[in-house]
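Undergrad: I have a structure I would like to understand better, so I am pasting it below and will then ask my questions one at a time.
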Amino acid sequence: MEAIENLEKNRRTLEHHVGSGGNAHAPATTKSNGFLTKEQLLMLLNASGKVTHKPNGTDVLTLDSGNYEISAATNNPINSTDTSIIEYHISTSVDGRRHIVAFRSSTGAMYSYVQHTGGKGTTATGGWVQYPTMTPIWLGNAQSGTLKFNFKLADKFSLAIKWYSNTNQQGTSTQTNGRSGSFSTFNLATGKDYIGFYELDFTADSESLTITENSTKSIMSAGVMSNDEHNIYVTGIYVI
């Protein structure tokens, strides 16, 4: 008799446990305690900044809101053959509009994609847009010599060179995927009998930029005259 009573007691205890929330392992809600589902755990990890790795070839445009790391993703911001590791941060508005921000691991380049409620990307280019960036790799004031970068660049690189002249011009010259270049500006102190300009030539590698010429040239009726006056000053070099 006592054994039967104990069994009944255990049954009622187990039934009470199983019945809470309809299931002993019911998912947690905003109103009751429970166990995390895999979806809830993923949301929690995303909210804490955790980046989830996804398999190669995963389609970025089909992912839920969250933070992901993918190599060779479908619809990545580079191209269909790129295998870079890219980090994606995806947010979704209340009306279904999605914003994807991507960071390329190897270069730090940053991209944006807006996917509207209808599913179509309608940013300025109709797809991915790259944010313009200029990372300083040398800052100073130089008219000649070799200017060593703060860190070594990749084999292929593009540079922006900020400068000013003795006659108060200033500007930025860009060098795209090349190892040498030059830029010039008019000499505002030019006289009536000639046209003058300043010219700076340089070479570059992954570790430094060398000013090979910084001269002043004058175009006269007798021809072009050149001297070694250094009238252009380099004030900053940036990788773009």
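Lettering and numbering for the structure tokens are positional, with chains as A, B, ... in the shown order, residues counted from 1 in each chain, and ligands counted from 1 in the shown order.
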If you count only C-alpha atoms, which residues fall within 12 Å of A:Arg104, apart from same-chain ones fewer than 6 positions away, as a ChimeraX atom specification?
TA: /A:69-73,76-78,82-89,110-112,130-131
Undergrad: Rounded to one decimal place, report the atom CA of A:Ile211-atom CA of A:Gly223 distance in Å.
TA: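 According to the coordinates, atom CA of A:Ile211 and atom CA of A:Gly223 are separated by 25.4 Å.
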Undergrad: Given the choices A:Thr185, A:Asn75, A:Ser173, A:Asn168, which gets closest to A:Thr62 if the distance is worked out from only C-alpha atoms?
TA: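 Residue with the minimum atom-to-atom distance to A:Thr62: A:Asn75.
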Undergrad: Could you find all residues in stretch 161-220 of chain A that DSSP calls strand (DSSP E) from the backbone, and write them as a VMD selection string?
TA: chain A and resid 161 to 165 170 to 176 180 to 186 195 to 204 208 to 220
Undergrad: Report, in Å to a single decimal, how far apart atom CA of A:His230 and atom CA of A:Thr216 are.
TA: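 Distance between the two atoms: 7.2 Å.
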Undergrad: Let me make sure I understand: among A:Ala109, A:Glu229, A:Lys162, A:Ser221, which one has the smallest atom-to-atom distance to A:Gly140 if we use only C-alpha atoms?
TA: A:Lys162
Undergrad: Figure out the distance between atom CA of A:Lys217 and atom CA of A:Ala160, please, to one decimal in Å.
TA: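 Spanning atom CA of A:Ala160 to atom CA of A:Lys217 is a straight-line distance of 23.8 Å.
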Undergrad: Using only C-alpha atoms, which residue out of A:Tyr233, A:Tyr238, A:Asn56, A:Ile195 lies closest to A:Met134?
TA: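 Among the listed residues, the smallest separation from A:Met134 belongs to A:Tyr238.
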Undergrad: Given only C-alpha atoms as the basis, pick out the residue of A:Ser208, A:Thr133, A:Thr235, A:Ser215 nearest to A:Trp163.
TA: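 That would be A:Thr235, the residue with the smallest distance to A:Trp163.
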Undergrad: Do a neighbour search on A:Ser165 at 7 Å with only C-alpha atoms, toss out local chain neighbours closer than 5 positions, and write the hits as a ChimeraX atom specification.
TA: /A:170,231-233
Undergrad: Restricting it to N, CA and C atoms, dump the selection as a PDB file, in the first residue's frame.
TA:
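And here is the file that came out, again30.pdb:
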ATOM      1  N   GLN A 170      47.644  73.646 -52.729  1.00  0.00           N
ATOM      2  CA  GLN A 170      47.638  72.375 -52.011  1.00  0.00           C
ATOM      3  C   GLN A 170      46.717  71.394 -52.722  1.00  0.00           C
ATOM      4  N   ASN A 231      60.101  73.061 -54.304  1.00  0.00           N
ATOM      5  CA  ASN A 231      58.985  73.934 -53.964  1.00  0.00           C
ATOM      6  C   ASN A 231      57.691  73.189 -53.633  1.00  0.00           C
ATOM      7  N   ILE A 232      57.728  71.855 -53.656  1.00  0.00           N
ATOM      8  CA  ILE A 232      56.573  71.059 -53.235  1.00  0.00           C
ATOM      9  C   ILE A 232      56.927  70.311 -51.962  1.00  0.00           C
ATOM     10  N   TYR A 233      56.024  70.342 -50.983  1.00  0.00           N
ATOM     11  CA  TYR A 233      56.211  69.671 -49.701  1.00  0.00           C
ATOM     12  C   TYR A 233      55.169  68.558 -49.564  1.00  0.00           C
TER      13      TYR A 233
END
Undergrad: For a quick check of understanding, using only C-alpha atoms, which of A:Ser144, A:Gln115, A:Asn150, A:Ser65 has the smallest distance to A:Gly127?
TA: A:Gln115
Undergrad: Given the choices A:Thr172, A:Thr210, A:Ser80, A:Thr37, which gets closest to A:Lys148 if the distance is worked out from only C-alpha atoms?
TA: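 Residue with the minimum atom-to-atom distance to A:Lys148: A:Thr210.
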Undergrad: Find the residues near A:Val239: any atom within 8 Å, counting only C-alpha atoms, skip ones fewer than 6 places away on the same chain, and give them as a list of chain:residue names.
TA: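 The residues satisfying every condition are A:Met134, A:Thr135, A:Pro136, A:Ile137, A:Phe157, A:Ser158, A:Leu159, A:Ala160.
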